[in-house]
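Colleague: Hey, dropping start38.txt in here, compact mmCIF, C-alpha atoms:
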# COMPACT_ATOMS: atom_id res chain seq x y z
CA MET A 1 0.00 0.00 0.00
CA SER A 2 1.07 3.54 -0.67
CA SER A 3 2.18 5.59 2.33
CA ASP A 4 0.52 8.64 0.70
CA PHE A 5 -2.77 7.51 2.19
CA ASP A 6 -2.76 6.30 5.77
CA PHE A 7 -6.23 5.48 7.09
CA SER A 8 -5.00 3.47 10.09
CA ALA A 9 -5.82 6.19 12.65
CA MET A 10 -9.45 6.50 11.56
CA ARG A 11 -12.35 5.23 13.62
CA PRO A 12 -14.42 2.53 11.87
CA ASP A 13 -17.27 4.98 11.13
CA GLU A 14 -14.81 7.51 9.64
CA LEU A 15 -13.22 4.80 7.51
CA ARG A 16 -16.62 3.66 6.21
CA SER A 17 -17.49 7.26 5.35
CA ALA A 18 -14.16 7.74 3.56
CA ILE A 19 -14.74 4.58 1.50
CA VAL A 20 -18.21 5.74 0.42
CA VAL A 21 -17.02 9.25 -0.46
CA LEU A 22 -13.97 7.99 -2.38
CA GLN A 23 -16.08 5.44 -4.27
CA THR A 24 -18.56 8.17 -5.23
CA VAL A 25 -15.77 10.50 -6.37
CA ASN A 26 -14.17 7.65 -8.33
CA GLN A 27 -17.42 6.83 -10.16
CA ARG A 28 -18.13 10.50 -10.95
CA ALA A 29 -14.56 11.01 -12.19
CA ALA A 30 -14.84 7.94 -14.43
CA SER A 31 -18.10 9.26 -15.92
CA ALA A 32 -16.60 12.71 -16.45
CA LEU A 33 -13.48 11.23 -18.09
CA LYS A 34 -15.60 9.10 -20.42
CA ALA A 35 -17.66 12.14 -21.47
CA ALA A 36 -14.53 14.27 -22.01
CA LYS A 37 -12.91 11.55 -24.14
CA ALA A 38 -16.07 11.15 -26.22
CA GLU A 39 -16.19 14.91 -26.87
CA TRP A 40 -12.50 14.99 -27.82
CA ALA A 41 -12.99 12.04 -30.18
CA ARG A 42 -16.01 13.73 -31.75
CA ALA A 43 -13.95 16.82 -32.55
CA HIS A 44 -10.87 15.00 -33.91
CA ASP A 45 -10.00 12.63 -36.72
CA GLY A 46 -8.38 9.25 -36.33
CA GLY A 47 -4.61 9.54 -36.11
CA ASP A 48 -4.67 12.85 -34.23
CA VAL A 49 -2.11 13.25 -31.46
CA GLU A 50 -1.99 16.28 -29.18
CA ASP A 51 0.60 16.98 -26.53
CA VAL A 52 -0.72 18.21 -23.20
CA THR A 53 1.06 20.59 -20.82
CA LEU A 54 0.10 21.59 -17.29
CA ASP A 55 1.71 24.71 -15.85
CA GLY A 56 4.19 24.66 -18.72
CA GLU A 57 5.29 21.11 -17.94
CA ASP A 58 4.84 18.23 -20.38
CA ALA A 59 2.00 16.09 -18.97
CA GLY A 60 1.52 13.56 -21.76
CA SER A 61 -0.43 13.24 -24.97
CA ILE A 62 -3.87 12.31 -26.20
CA THR A 63 -4.10 9.98 -29.19
CA LEU A 64 -7.05 8.88 -31.29
CA THR A 65 -6.16 5.75 -33.22
CA LYS A 66 -6.90 5.71 -36.92
CA GLY A 67 -9.09 3.19 -38.69
CA THR A 68 -10.26 1.23 -35.70
CA GLU A 69 -13.81 0.01 -35.65
CA GLY A 70 -15.90 -0.51 -32.57
CA GLY A 71 -16.75 -3.99 -31.55
CA TYR A 72 -18.63 -6.03 -29.02
CA LYS A 73 -17.64 -8.84 -26.72
CA VAL A 74 -20.18 -11.49 -25.79
CA VAL A 75 -20.14 -11.99 -22.03
CA ASP A 76 -23.29 -14.12 -21.75
CA PRO A 77 -23.48 -16.55 -24.69
CA VAL A 78 -26.85 -17.94 -23.59
CA ALA A 79 -28.48 -14.49 -23.45
CA TYR A 80 -26.91 -13.60 -26.81
CA ALA A 81 -28.20 -16.86 -28.32
CA ASN A 82 -31.69 -16.00 -27.07
CA VAL A 83 -31.50 -12.61 -28.80
CA LEU A 84 -30.27 -14.20 -32.04
CA CYS A 85 -33.13 -16.71 -31.86
CA ASP A 86 -35.72 -14.00 -31.10
CA ILE A 87 -34.66 -11.87 -34.08
CA GLU A 88 -34.16 -14.96 -36.27
CA ALA A 89 -30.60 -14.02 -37.22
CA TYR A 90 -28.86 -16.08 -39.88
CA LEU A 91 -25.22 -16.49 -40.85
CA SER A 92 -23.98 -16.25 -44.41
CA GLY A 93 -25.04 -19.38 -46.25
CA GLY A 94 -28.47 -19.39 -44.59
CA ARG A 95 -27.51 -21.20 -41.38
CA LYS A 96 -29.14 -20.14 -38.10
CA ALA A 97 -26.91 -17.94 -35.93
CA TRP A 98 -27.91 -19.83 -32.76
CA GLU A 99 -28.12 -23.38 -31.50
CA LYS A 100 -30.76 -24.98 -29.33
CA VAL A 101 -29.16 -26.52 -26.25
CA ASN A 102 -30.53 -28.37 -23.26
CA TYR A 103 -30.60 -26.08 -20.24
CA PRO A 104 -32.29 -26.62 -16.88
CA ARG A 105 -35.33 -24.54 -15.99
CA PRO A 106 -34.79 -22.19 -13.01
CA GLU A 107 -37.22 -24.15 -10.82
CA ALA A 108 -35.29 -27.38 -11.53
CA MET A 109 -32.13 -25.78 -10.19
CA LYS A 110 -33.65 -25.14 -6.73
Please express the file's structure as structure tokens.
Modeller:
Amino acid sequence: MSSDFDFSAMRPDELRSAIVVLQTVNQRAASALKAAKAEWARAHDGGDVEDVTLDGEDAGSITLTKGTEGGYKVVDPVAYANVLCDIEAYLSGGRKAWEKVNYPRPEAMK
């Protein structure tokens, strides 16, 4: 652990409060960063690189890669298969994009 942040002298209630406040700040900062990046990407073309300075000091650079396409990652294959079945999606060649598999009903798993 970093010695920059020492919470060892806090009472349990103070520590709980600090955790909640820091988590809230972290989530808000992540949302703000995502929105700022989206706005920067909207205003720039792929391949753009801009150097950033803070107080006259080099702080880094922002880069927007060129020619990349967005994509998706399937995290729940069963749910995705259900969607493909519902919309009757087909692969090239006319094959169904989903398979029927045996799966227990929720009440059978109790």
Colleague: Per residue of region 48-94 of chain A within 10 Å of region 26-40 of chain A, record the nearest atom pair and its distance in Å to one decimal, counting all atoms listed in the file, with rows in chain order and ascending residue number, as CSV.
Modeller:
residue,atom,partner,partner_atom,distance
A:Ile62,CA,A:Trp40,CA,9.2
A:Thr63,CA,A:Trp40,CA,9.9
A:Leu64,CA,A:Trp40,CA,8.9
Colleague: Now that the selection is made, can you save its residues with C-alpha atoms as a JSON list (two decimals), in the frame of the given file?
Modeller:
[["chain", "number", "residue", "atom", "x", "y", "z"],
["A", 62, "ILE", "CA", -3.87, 12.31, -26.20],
["A", 63, "THR", "CA", -4.10, 9.98, -29.19],
["A", 64, "LEU", "CA", -7.05, 8.88, -31.29]]
Colleague: Between CA of Asp76 (chain A) and CA of Tyr103 (chain A), measure the distance and give it in Å to one decimal.
Modeller: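 Distance between the two atoms: 14.1 Å.
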Colleague: Within 10 Å of Val78 (chain A), counting all atoms listed in the file, which residues qualify if same-chain residues fewer than 6 places away don't, as JSON, numbers by chain?
Modeller: {"A": [84, 98, 99, 100, 101, 103]}
Colleague: Find the residues around region 45-54 of chain A up to 7 Å (only C-alpha atoms counted), leave out those fewer than 4 positions away in its own chain, and share them as number ranges by chain.
Modeller: A: 58-67
